[in-house]
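The structure file protein_1.pdb is reproduced below (PDB, C-alpha atoms).
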```pdb
ATOM      1  CA  MET A  98     -46.381-158.111  75.025
ATOM      2  CA  THR A  99     -43.203-157.041  76.850
ATOM      3  CA  ASP A 100     -43.531-160.013  79.221
ATOM      4  CA  TRP A 101     -44.167-162.364  76.277
ATOM      5  CA  ASN A 102     -41.056-161.173  74.447
ATOM      6  CA  SER A 103     -39.010-161.352  77.645
ATOM      7  CA  LEU A 104     -40.086-164.950  78.211
ATOM      8  CA  ASN A 105     -39.112-165.881  74.670
ATOM      9  CA  ARG A 106     -35.670-164.344  75.098
ATOM     10  CA  ARG A 107     -35.196-166.368  78.272
ATOM     11  CA  ILE A 108     -36.211-169.562  76.480
ATOM     12  CA  VAL A 109     -33.662-168.949  73.729
ATOM     13  CA  ARG A 110     -30.907-168.420  76.320
ATOM     14  CA  CYS A 111     -31.805-171.582  78.269
ATOM     15  CA  ARG A 112     -28.905-173.954  79.027
ATOM     16  CA  ARG A 113     -30.634-176.438  81.311
ATOM     17  CA  CYS A 114     -30.093-179.410  78.979
ATOM     18  CA  PRO A 115     -26.491-179.614  77.639
ATOM     19  CA  ARG A 116     -27.224-182.743  75.577
ATOM     20  CA  LEU A 117     -29.971-180.946  73.683
ATOM     21  CA  ARG A 118     -28.001-177.726  73.200
ATOM     22  CA  ASP A 119     -25.075-179.746  71.819
ATOM     23  CA  HIS A 120     -27.381-181.642  69.480
ATOM     24  CA  CYS A 121     -28.966-178.431  68.161
ATOM     25  CA  ARG A 122     -25.529-176.970  67.466
ATOM     26  CA  ASP A 123     -24.324-180.169  65.797
ATOM     27  CA  ILE A 124     -27.326-180.196  63.463
ATOM     28  CA  ALA A 125     -26.784-176.513  62.702
ATOM     29  CA  SER A 126     -23.174-177.255  61.814
ATOM     30  CA  THR A 127     -23.634-180.379  59.683
ATOM     31  CA  LYS A 128     -26.942-179.249  58.104
ATOM     32  CA  ARG A 129     -28.935-181.116  55.492
ATOM     33  CA  ARG A 130     -27.733-180.945  51.910
ATOM     34  CA  ALA A 131     -30.935-179.232  50.777
ATOM     35  CA  TYR A 132     -30.265-176.437  53.282
ATOM     36  CA  ALA A 133     -26.503-176.151  52.916
ATOM     37  CA  ASP A 134     -26.760-172.393  52.272
ATOM     38  CA  TRP A 135     -28.870-171.759  55.380
ATOM     39  CA  THR A 136     -27.609-170.300  58.626
ATOM     40  CA  TYR A 137     -29.375-172.577  61.089
ATOM     41  CA  TRP A 138     -30.973-171.264  64.276
ATOM     42  CA  GLY A 139     -29.464-174.088  66.338
ATOM     43  CA  LYS A 140     -30.838-172.988  69.743
ATOM     44  CA  PRO A 141     -33.978-173.456  71.850
ATOM     45  CA  VAL A 142     -36.957-172.307  69.801
ATOM     46  CA  PRO A 143     -39.193-169.712  71.486
ATOM     47  CA  ASN A 144     -42.969-169.650  71.656
ATOM     48  CA  PHE A 145     -44.776-168.178  68.690
ATOM     49  CA  GLY A 146     -48.079-166.403  68.362
ATOM     50  CA  ASP A 147     -50.564-164.056  69.987
ATOM     51  CA  SER A 148     -49.515-162.839  73.438
ATOM     52  CA  ALA A 149     -53.200-162.872  74.471
ATOM     53  CA  ALA A 150     -54.061-166.270  72.972
ATOM     54  CA  ARG A 151     -56.874-168.412  74.316
ATOM     55  CA  LEU A 152     -55.851-171.385  72.164
ATOM     56  CA  LEU A 153     -52.442-172.821  73.039
ATOM     57  CA  ILE A 154     -51.073-175.500  70.722
ATOM     58  CA  VAL A 155     -48.618-177.819  72.462
ATOM     59  CA  GLY A 156     -46.193-179.678  70.230
ATOM     60  CA  LEU A 157     -43.479-182.180  71.059
ATOM     61  CA  ALA A 158     -40.213-180.492  70.034
ATOM     62  CA  PRO A 159     -38.686-178.512  67.151
ATOM     63  CA  GLY A 160     -37.819-180.446  64.013
ATOM     64  CA  ALA A 161     -34.066-180.822  63.489
ATOM     65  CA  HIS A 162     -34.213-179.248  60.026
ATOM     66  CA  GLY A 163     -37.481-177.369  60.546
ATOM     67  CA  ALA A 164     -37.776-175.064  63.544
ATOM     68  CA  ASN A 165     -34.179-175.784  64.606
ATOM     69  CA  ARG A 166     -33.231-174.335  61.217
ATOM     70  CA  THR A 167     -35.684-171.435  60.950
ATOM     71  CA  GLY A 168     -36.098-170.456  64.605
ATOM     72  CA  ARG A 169     -39.910-170.473  64.550
ATOM     73  CA  MET A 170     -42.206-173.205  65.795
ATOM     74  CA  PHE A 171     -43.410-175.590  63.068
ATOM     75  CA  THR A 172     -41.706-173.581  60.345
ATOM     76  CA  GLY A 173     -39.760-175.088  57.475
ATOM     77  CA  ASP A 174     -40.990-178.691  57.503
ATOM     78  CA  ARG A 175     -44.034-180.660  56.338
ATOM     79  CA  SER A 176     -45.624-180.737  59.783
ATOM     80  CA  GLY A 177     -45.755-176.956  59.729
ATOM     81  CA  GLU A 178     -47.201-176.952  56.225
ATOM     82  CA  TRP A 179     -50.156-178.960  57.510
ATOM     83  CA  LEU A 180     -50.504-176.997  60.741
ATOM     84  CA  TYR A 181     -50.426-173.493  59.288
ATOM     85  CA  ARG A 182     -52.774-174.376  56.439
ATOM     86  CA  ALA A 183     -55.268-175.686  58.993
ATOM     87  CA  LEU A 184     -54.822-172.659  61.246
ATOM     88  CA  HIS A 185     -55.429-170.339  58.309
ATOM     89  CA  ARG A 186     -58.572-172.187  57.271
ATOM     90  CA  ALA A 187     -59.837-171.985  60.865
ATOM     91  CA  GLY A 188     -59.140-168.255  61.134
ATOM     92  CA  PHE A 189     -56.289-168.604  63.624
ATOM     93  CA  ALA A 190     -53.546-167.535  61.181
ATOM     94  CA  SER A 191     -53.225-164.562  58.856
ATOM     95  CA  GLN A 192     -51.831-166.670  56.006
ATOM     96  CA  PRO A 193     -50.898-170.298  55.304
ATOM     97  CA  SER A 194     -47.135-169.591  55.096
ATOM     98  CA  TRP A 195     -44.732-171.909  56.859
ATOM     99  CA  GLU A 196     -41.254-171.781  55.292
ATOM    100  CA  THR A 197     -39.414-168.858  56.948
ATOM    101  CA  ALA A 198     -39.651-166.884  60.166
ATOM    102  CA  ASP A 199     -39.851-163.554  58.317
ATOM    103  CA  ASP A 200     -42.777-164.356  56.011
ATOM    104  CA  GLY A 201     -45.205-162.043  57.815
ATOM    105  CA  LEU A 202     -47.327-164.805  59.329
ATOM    106  CA  GLU A 203     -49.274-163.795  62.429
ATOM    107  CA  LEU A 204     -51.432-165.955  64.671
ATOM    108  CA  ILE A 205     -54.803-164.744  65.934
ATOM    109  CA  ASP A 206     -55.990-165.750  69.432
ATOM    110  CA  CYS A 207     -53.556-168.659  69.137
ATOM    111  CA  ALA A 208     -50.022-169.420  70.279
ATOM    112  CA  ILE A 209     -47.680-172.384  69.840
ATOM    113  CA  THR A 210     -45.355-173.860  72.434
ATOM    114  CA  ALA A 211     -43.693-177.253  72.906
ATOM    115  CA  ALA A 212     -43.097-179.802  75.614
ATOM    116  CA  CYS A 213     -39.418-179.509  74.689
ATOM    117  CA  HIS A 214     -37.990-176.339  73.132
ATOM    118  CA  CYS A 215     -34.834-177.968  71.715
ATOM    119  CA  ALA A 216     -34.613-180.466  68.869
ATOM    120  CA  PRO A 217     -33.801-183.809  70.561
ATOM    121  CA  PRO A 218     -31.846-186.741  69.060
ATOM    122  CA  ASP A 219     -34.238-189.134  67.272
ATOM    123  CA  ASN A 220     -37.043-186.730  68.235
ATOM    124  CA  LYS A 221     -37.075-188.296  71.725
ATOM    125  CA  PRO A 222     -36.378-185.982  74.667
ATOM    126  CA  LYS A 223     -35.491-187.654  77.949
ATOM    127  CA  ARG A 224     -37.733-187.468  80.991
ATOM    128  CA  ASP A 225     -35.430-185.085  82.859
ATOM    129  CA  GLU A 226     -35.272-182.814  79.794
ATOM    130  CA  LEU A 227     -39.050-182.648  79.582
ATOM    131  CA  LEU A 228     -39.135-181.864  83.293
ATOM    132  CA  ALA A 229     -36.604-179.047  82.850
ATOM    133  CA  CYS A 230     -38.650-177.575  79.991
ATOM    134  CA  SER A 231     -41.874-177.797  81.999
ATOM    135  CA  LYS A 232     -40.766-174.594  83.741
ATOM    136  CA  TRP A 233     -41.113-172.767  80.417
ATOM    137  CA  PHE A 234     -44.538-174.343  79.913
ATOM    138  CA  ASP A 235     -45.624-172.994  83.299
ATOM    139  CA  ALA A 236     -44.222-169.556  82.523
ATOM    140  CA  THR A 237     -46.048-169.531  79.180
ATOM    141  CA  VAL A 238     -49.388-170.388  80.766
ATOM    142  CA  ASP A 239     -48.793-167.722  83.420
ATOM    143  CA  LEU A 240     -48.978-165.118  80.639
ATOM    144  CA  LEU A 241     -51.855-166.419  78.529
ATOM    145  CA  PRO A 242     -55.613-166.590  79.196
ATOM    146  CA  VAL A 243     -55.708-170.140  77.810
ATOM    147  CA  ARG A 244     -59.122-171.725  77.404
ATOM    148  CA  VAL A 245     -58.108-174.626  75.146
ATOM    149  CA  PHE A 246     -54.862-176.588  75.147
ATOM    150  CA  LEU A 247     -54.488-178.468  71.856
ATOM    151  CA  ALA A 248     -52.026-181.316  72.367
ATOM    152  CA  LEU A 249     -50.402-182.618  69.193
ATOM    153  CA  GLY A 250     -49.639-186.189  70.193
ATOM    154  CA  GLN A 251     -49.411-188.195  73.385
ATOM    155  CA  ILE A 252     -46.294-186.564  74.863
ATOM    156  CA  ALA A 253     -47.871-183.112  74.578
ATOM    157  CA  TRP A 254     -51.105-184.522  76.036
ATOM    158  CA  LYS A 255     -49.250-185.947  79.045
ATOM    159  CA  ALA A 256     -47.233-182.737  79.503
ATOM    160  CA  THR A 257     -50.462-180.726  79.659
ATOM    161  CA  ILE A 258     -52.026-183.062  82.212
ATOM    162  CA  GLU A 259     -48.888-182.747  84.329
ATOM    163  CA  LEU A 260     -49.160-178.956  84.083
ATOM    164  CA  ALA A 261     -52.805-179.199  85.201
ATOM    165  CA  ARG A 262     -51.724-181.274  88.195
ATOM    166  CA  ARG A 263     -49.010-178.788  89.164
ATOM    167  CA  ARG A 264     -51.622-176.038  89.136
ATOM    168  CA  GLU A 265     -54.133-178.171  91.030
ATOM    169  CA  TRP A 266     -56.665-177.948  88.239
ATOM    170  CA  TYR A 267     -56.788-181.720  88.082
ATOM    171  CA  ALA A 268     -55.673-184.529  90.385
ATOM    172  CA  GLY A 269     -56.806-187.711  88.642
ATOM    173  CA  PRO A 270     -55.075-190.210  86.349
ATOM    174  CA  ILE A 271     -53.890-189.339  82.861
ATOM    175  CA  PRO A 272     -56.962-189.590  80.616
ATOM    176  CA  LYS A 273     -56.639-191.674  77.480
ATOM    177  CA  PHE A 274     -55.328-189.757  74.476
ATOM    178  CA  SER A 275     -57.191-189.990  71.202
ATOM    179  CA  HIS A 276     -57.710-187.777  68.189
ATOM    180  CA  GLY A 277     -60.525-185.309  68.812
ATOM    181  CA  GLU A 278     -60.828-186.210  72.496
ATOM    182  CA  ALA A 279     -61.786-183.254  74.697
ATOM    183  CA  PHE A 280     -61.088-183.418  78.417
ATOM    184  CA  ASP A 281     -62.515-180.915  80.900
ATOM    185  CA  LEU A 282     -59.773-179.417  83.086
ATOM    186  CA  GLY A 283     -62.280-177.343  85.025
ATOM    187  CA  GLU A 284     -63.024-173.625  85.307
ATOM    188  CA  GLY A 285     -63.648-173.312  81.582
ATOM    189  CA  ARG A 286     -60.353-174.903  80.499
ATOM    190  CA  TRP A 287     -60.186-177.810  78.080
ATOM    191  CA  LEU A 288     -57.549-180.213  76.818
ATOM    192  CA  LEU A 289     -58.109-181.255  73.218
ATOM    193  CA  GLY A 290     -56.155-184.023  71.521
ATOM    194  CA  SER A 291     -54.979-184.358  67.923
ATOM    195  CA  TYR A 292     -52.653-186.647  66.085
ATOM    196  CA  HIS A 293     -49.414-184.847  65.335
ATOM    197  CA  PRO A 294     -49.182-183.639  61.691
ATOM    198  CA  SER A 295     -45.966-185.613  61.202
ATOM    199  CA  GLN A 296     -45.174-187.097  57.811
ATOM    200  CA  GLN A 297     -45.685-190.546  59.304
ATOM    201  CA  ASN A 298     -49.268-189.646  60.223
ATOM    202  CA  THR A 299     -50.166-187.597  57.144
ATOM    203  CA  PHE A 300     -48.566-189.886  54.534
ATOM    204  CA  THR A 301     -50.315-192.956  55.947
ATOM    205  CA  GLY A 302     -53.689-191.234  56.206
ATOM    206  CA  ARG A 303     -53.849-191.589  59.965
ATOM    207  CA  LEU A 304     -54.374-187.824  59.965
ATOM    208  CA  THR A 305     -56.295-186.222  57.103
ATOM    209  CA  GLU A 306     -57.031-182.548  56.471
ATOM    210  CA  PRO A 307     -60.751-182.954  57.282
ATOM    211  CA  MET A 308     -59.784-184.629  60.578
ATOM    212  CA  PHE A 309     -57.421-181.764  61.386
ATOM    213  CA  ASP A 310     -60.000-179.139  60.431
ATOM    214  CA  ALA A 311     -62.535-180.824  62.710
ATOM    215  CA  VAL A 312     -60.163-180.452  65.654
ATOM    216  CA  PHE A 313     -59.854-176.702  65.119
ATOM    217  CA  ALA A 314     -63.626-176.403  64.707
ATOM    218  CA  ARG A 315     -63.958-178.206  68.041
ATOM    219  CA  ALA A 316     -61.437-175.806  69.590
ATOM    220  CA  ARG A 317     -63.636-172.921  68.459
ATOM    221  CA  GLU A 318     -66.649-174.543  70.083
ATOM    222  CA  LEU A 319     -64.795-175.060  73.363
ATOM    223  CA  MET A 320     -63.744-171.398  73.252
ATOM    224  CA  GLY A 321     -67.428-170.515  72.909
ATOM    225  CA  GLU A 322     -67.124-169.529  69.265
ATOM    226  CA  ASP A 323     -69.150-171.987  67.220
ATOM    227  CA  ARG A 324     -68.742-170.622  63.699
ATOM    228  CA  GLY A 325     -71.429-172.886  62.306
TER
END
```
Translate this structure into structure tokens?
Amino acid sequence: MTDWNSLNRRIVRCRRCPRLRDHCRDIASTKRRAYADWTYWGKPVPNFGDSAARLLIVGLAPGAHGANRTGRMFTGDRSGEWLYRALHRAGFASQPSWETADDGLELIDCAITAACHCAPPDNKPKRDELLACSKWFDATVDLLPVRVFLALGQIAWKATIELARRREWYAGPIPKFSHGEAFDLGEGRWLLGSYHPSQQNTFTGRLTEPMFDAVFARARELMGEDRG
């Protein structure tokens, strides 16, 4: 746990990407009218969850007025509402809360990280920024006994394959991303794909709650915990 907390402190202090740090601060200064009374986090957002997690959820980046505001992954926006409800139903979260970082929510055998720990302009980090943040991804995986990587979207899927290549778990081409796709990384490790619970996906019905629940049920199976 000490190493996990130390890593998170290092992530928060990271200054590798000036463009992203400036953007996070600008958003924290201008705010959104609905959150005018908030003191925004406005920094890289650390990992969140169980320091012995076997399920590692990999997102894209903090939301400008979600995690960049609250300081906790997937907290304070509609994507988090969907994610934490699903995690609670699947037994990976102690409660379905998602609005504030001090609501008592705990994750169970599950942790959340991101391909990019800073909120990027237009939600699009640059290639060199993703590369800089990959060092935090490596450091995160160094600490966790991950069995299943759940990639929320194509960028997270690609980032996980690149991590697998760096670690020489896998040397082939990037497998095709699709919702519910499970790819064997070898030695009991799996990459599982899911559409991101963004408003664009949930409002249009591209991602439904039963579809999301099925992904977490599949994660349980890949962890060797078929709950029936």
(message) Selection in question (the file shown): the PyMOL selection byres ((chain A and resi 118-133) around 9). Which residues does it include, as a PyMOL selection string?
(response) chain A and resi 111-117+134-141+161-162+165-166+215-218
Using the chain letters and numbers from the file, give me the residues hit by the PyMOL selection byres ((chain A and resi 310) around 10), as an mmCIF file with C-alpha atoms, keeping the file's coordinate frame.
```
data_model
loop_
_atom_site.group_PDB
_atom_site.id
_atom_site.type_symbol
_atom_site.label_atom_id
_atom_site.label_comp_id
_atom_site.auth_asym_id
_atom_site.auth_seq_id
_atom_site.Cartn_x
_atom_site.Cartn_y
_atom_site.Cartn_z
ATOM 1 C CA LEU A 180 -50.504 -176.997 60.741
ATOM 2 C CA ARG A 182 -52.774 -174.376 56.439
ATOM 3 C CA ALA A 183 -55.268 -175.686 58.993
ATOM 4 C CA LEU A 184 -54.822 -172.659 61.246
ATOM 5 C CA ARG A 186 -58.572 -172.187 57.271
ATOM 6 C CA ALA A 187 -59.837 -171.985 60.865
ATOM 7 C CA THR A 305 -56.295 -186.222 57.103
ATOM 8 C CA GLU A 306 -57.031 -182.548 56.471
ATOM 9 C CA PRO A 307 -60.751 -182.954 57.282
ATOM 10 C CA MET A 308 -59.784 -184.629 60.578
ATOM 11 C CA PHE A 309 -57.421 -181.764 61.386
ATOM 12 C CA ALA A 311 -62.535 -180.824 62.710
ATOM 13 C CA VAL A 312 -60.163 -180.452 65.654
ATOM 14 C CA PHE A 313 -59.854 -176.702 65.119
ATOM 15 C CA ALA A 314 -63.626 -176.403 64.707
ATOM 16 C CA ARG A 315 -63.958 -178.206 68.041
ATOM 17 C CA ALA A 316 -61.437 -175.806 69.590
#
```
(request) Go through the shown structure with the PyMOL selection byres ((chain A and resi 272) around 12) and write out the matching residues as a list in words. (result) Gln251, Trp254, Lys255, Ala256, Thr257, Ile258, Glu259, Tyr267, Ala268, Gly269, Pro270, Ile271, Lys273, Phe274, Ser275, Glu278, Ala279, Phe280, Asp281, Leu282, Leu288, Leu289 and Gly290 of chain A
(message) Quick check, in Å to one decimal: how far apart do CA of Asn102 (chain A) and CA of Leu241 (chain A) lie?
(response)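 CA of Asn102 (chain A) sits 12.7 Å away from CA of Leu241 (chain A).
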(message) I need the residue nearest Phe145 (chain A) from this list: A:Ser295, A:Thr172, A:Ser231, A:Thr210. Use all atoms listed in the file for the distance.
(response) A:Thr210
(request) Calculate how many Å separate CA of Ile252 (chain A) from CA of Pro193 (chain A), rounding to one decimal. (result) 25.9 Å
(request) For CA of Met170 (chain A) and CA of Ile154 (chain A), determine how far apart the two atoms are, in Å to one decimal place. (result)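 CA of Ile154 (chain A) lies at a distance of 10.4 Å from CA of Met170 (chain A).
By all atoms listed in the file, and with residues fewer than 4 positions from Asp174 (chain A) along its chain excluded, the set lying at most 8 Å from it is Gly160, His162, Gly163, Ala164, Glu178, Trp195 and Glu196 of chain A.
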(message) Counting all atoms listed in the file, which residues sit no farther than 12 Å from the position (-54.2, -164.3, 69.6) in the file's frame? I'd like them as a PyMOL selection string.
(response) chain A and resi 98+145-154+184+188-191+203-209+241-244
Take region 161-172 of chain A, model all heavy atoms, and hand the result over as a PDB file, in the coordinates of the input.
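Final output, saved to out.pdb:
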```pdb
ATOM      1  N   ALA A 161     -35.506-181.068  63.626  1.00  0.00           N
ATOM      2  CA  ALA A 161     -34.066-180.822  63.489  1.00  0.00           C
ATOM      3  C   ALA A 161     -33.749-179.892  62.323  1.00  0.00           C
ATOM      4  O   ALA A 161     -32.882-179.019  62.435  1.00  0.00           O
ATOM      5  CB  ALA A 161     -33.337-182.150  63.320  1.00  0.00           C
ATOM      6  N   HIS A 162     -34.465-180.074  61.208  1.00  0.00           N
ATOM      7  CA  HIS A 162     -34.213-179.248  60.026  1.00  0.00           C
ATOM      8  C   HIS A 162     -35.412-178.356  59.704  1.00  0.00           C
ATOM      9  O   HIS A 162     -35.475-177.769  58.629  1.00  0.00           O
ATOM     10  CB  HIS A 162     -33.859-180.136  58.830  1.00  0.00           C
ATOM     11  CG  HIS A 162     -32.643-180.976  59.071  1.00  0.00           C
ATOM     12  ND1 HIS A 162     -31.364-180.484  58.956  1.00  0.00           N
ATOM     13  CD2 HIS A 162     -32.529-182.270  59.476  1.00  0.00           C
ATOM     14  CE1 HIS A 162     -30.500-181.448  59.246  1.00  0.00           C
ATOM     15  NE2 HIS A 162     -31.174-182.532  59.570  1.00  0.00           N
ATOM     16  N   GLY A 163     -36.345-178.272  60.655  1.00  0.00           N
ATOM     17  CA  GLY A 163     -37.481-177.369  60.546  1.00  0.00           C
ATOM     18  C   GLY A 163     -37.258-176.172  61.445  1.00  0.00           C
ATOM     19  O   GLY A 163     -36.503-175.255  61.123  1.00  0.00           O
ATOM     20  N   ALA A 164     -37.897-176.200  62.630  1.00  0.00           N
ATOM     21  CA  ALA A 164     -37.776-175.064  63.544  1.00  0.00           C
ATOM     22  C   ALA A 164     -36.357-174.865  64.056  1.00  0.00           C
ATOM     23  O   ALA A 164     -35.940-173.733  64.319  1.00  0.00           O
ATOM     24  CB  ALA A 164     -38.737-175.243  64.723  1.00  0.00           C
ATOM     25  N   ASN A 165     -35.579-175.936  64.197  1.00  0.00           N
ATOM     26  CA  ASN A 165     -34.179-175.784  64.606  1.00  0.00           C
ATOM     27  C   ASN A 165     -33.363-175.064  63.527  1.00  0.00           C
ATOM     28  O   ASN A 165     -32.321-174.492  63.818  1.00  0.00           O
ATOM     29  CB  ASN A 165     -33.552-177.145  64.891  1.00  0.00           C
ATOM     30  CG  ASN A 165     -32.154-177.039  65.454  1.00  0.00           C
ATOM     31  OD1 ASN A 165     -31.921-176.418  66.482  1.00  0.00           O
ATOM     32  ND2 ASN A 165     -31.192-177.644  64.756  1.00  0.00           N
ATOM     33  N   ARG A 166     -33.883-175.056  62.315  1.00  0.00           N
ATOM     34  CA  ARG A 166     -33.231-174.335  61.217  1.00  0.00           C
ATOM     35  C   ARG A 166     -33.752-172.913  61.099  1.00  0.00           C
ATOM     36  O   ARG A 166     -32.981-171.960  60.950  1.00  0.00           O
ATOM     37  CB  ARG A 166     -33.465-175.090  59.892  1.00  0.00           C
ATOM     38  CG  ARG A 166     -33.021-174.350  58.639  1.00  0.00           C
ATOM     39  CD  ARG A 166     -33.128-175.244  57.419  1.00  0.00           C
ATOM     40  NE  ARG A 166     -34.473-175.716  57.179  1.00  0.00           N
ATOM     41  CZ  ARG A 166     -35.384-175.089  56.438  1.00  0.00           C
ATOM     42  NH1 ARG A 166     -35.085-173.912  55.865  1.00  0.00           N
ATOM     43  NH2 ARG A 166     -36.582-175.602  56.244  1.00  0.00           N
ATOM     44  N   THR A 167     -35.068-172.738  61.213  1.00  0.00           N
ATOM     45  CA  THR A 167     -35.684-171.435  60.950  1.00  0.00           C
ATOM     46  C   THR A 167     -35.856-170.575  62.202  1.00  0.00           C
ATOM     47  O   THR A 167     -35.991-169.364  62.096  1.00  0.00           O
ATOM     48  CB  THR A 167     -37.064-171.624  60.309  1.00  0.00           C
ATOM     49  OG1 THR A 167     -37.932-172.293  61.251  1.00  0.00           O
ATOM     50  CG2 THR A 167     -36.974-172.442  59.026  1.00  0.00           C
ATOM     51  N   GLY A 168     -35.920-171.210  63.373  1.00  0.00           N
ATOM     52  CA  GLY A 168     -36.098-170.456  64.605  1.00  0.00           C
ATOM     53  C   GLY A 168     -37.532-170.118  64.948  1.00  0.00           C
ATOM     54  O   GLY A 168     -37.780-169.350  65.871  1.00  0.00           O
ATOM     55  N   ARG A 169     -38.499-170.702  64.236  1.00  0.00           N
ATOM     56  CA  ARG A 169     -39.910-170.473  64.550  1.00  0.00           C
ATOM     57  C   ARG A 169     -40.634-171.803  64.607  1.00  0.00           C
ATOM     58  O   ARG A 169     -40.417-172.677  63.779  1.00  0.00           O
ATOM     59  CB  ARG A 169     -40.573-169.569  63.506  1.00  0.00           C
ATOM     60  CG  ARG A 169     -41.982-169.125  63.897  1.00  0.00           C
ATOM     61  CD  ARG A 169     -42.585-168.176  62.868  1.00  0.00           C
ATOM     62  NE  ARG A 169     -42.995-168.866  61.659  1.00  0.00           N
ATOM     63  CZ  ARG A 169     -43.432-168.248  60.540  1.00  0.00           C
ATOM     64  NH1 ARG A 169     -43.470-166.923  60.525  1.00  0.00           N
ATOM     65  NH2 ARG A 169     -43.781-168.944  59.482  1.00  0.00           N
ATOM     66  N   MET A 170     -41.484-171.957  65.586  1.00  0.00           N
ATOM     67  CA  MET A 170     -42.206-173.205  65.795  1.00  0.00           C
ATOM     68  C   MET A 170     -42.910-173.665  64.511  1.00  0.00           C
ATOM     69  O   MET A 170     -43.572-172.880  63.834  1.00  0.00           O
ATOM     70  CB  MET A 170     -43.255-173.041  66.899  1.00  0.00           C
ATOM     71  CG  MET A 170     -42.685-172.912  68.295  1.00  0.00           C
ATOM     72  SD  MET A 170     -42.078-174.514  68.876  1.00  0.00           S
ATOM     73  CE  MET A 170     -41.559-174.051  70.532  1.00  0.00           C
ATOM     74  N   PHE A 171     -42.736-174.950  64.186  1.00  0.00           N
ATOM     75  CA  PHE A 171     -43.410-175.590  63.068  1.00  0.00           C
ATOM     76  C   PHE A 171     -43.161-174.881  61.735  1.00  0.00           C
ATOM     77  O   PHE A 171     -44.030-174.879  60.861  1.00  0.00           O
ATOM     78  CB  PHE A 171     -44.919-175.683  63.327  1.00  0.00           C
ATOM     79  CG  PHE A 171     -45.298-176.820  64.241  1.00  0.00           C
ATOM     80  CD1 PHE A 171     -45.476-176.593  65.592  1.00  0.00           C
ATOM     81  CD2 PHE A 171     -45.467-178.100  63.765  1.00  0.00           C
ATOM     82  CE1 PHE A 171     -45.823-177.614  66.453  1.00  0.00           C
ATOM     83  CE2 PHE A 171     -45.817-179.140  64.610  1.00  0.00           C
ATOM     84  CZ  PHE A 171     -45.996-178.892  65.958  1.00  0.00           C
ATOM     85  N   THR A 172     -42.002-174.312  61.579  1.00  0.00           N
ATOM     86  CA  THR A 172     -41.706-173.581  60.345  1.00  0.00           C
ATOM     87  C   THR A 172     -40.563-174.244  59.595  1.00  0.00           C
ATOM     88  O   THR A 172     -39.503-174.487  60.163  1.00  0.00           O
ATOM     89  CB  THR A 172     -41.341-172.117  60.673  1.00  0.00           C
ATOM     90  OG1 THR A 172     -42.439-171.503  61.350  1.00  0.00           O
ATOM     91  CG2 THR A 172     -41.025-171.338  59.405  1.00  0.00           C
TER      92      THR A 172
END
```
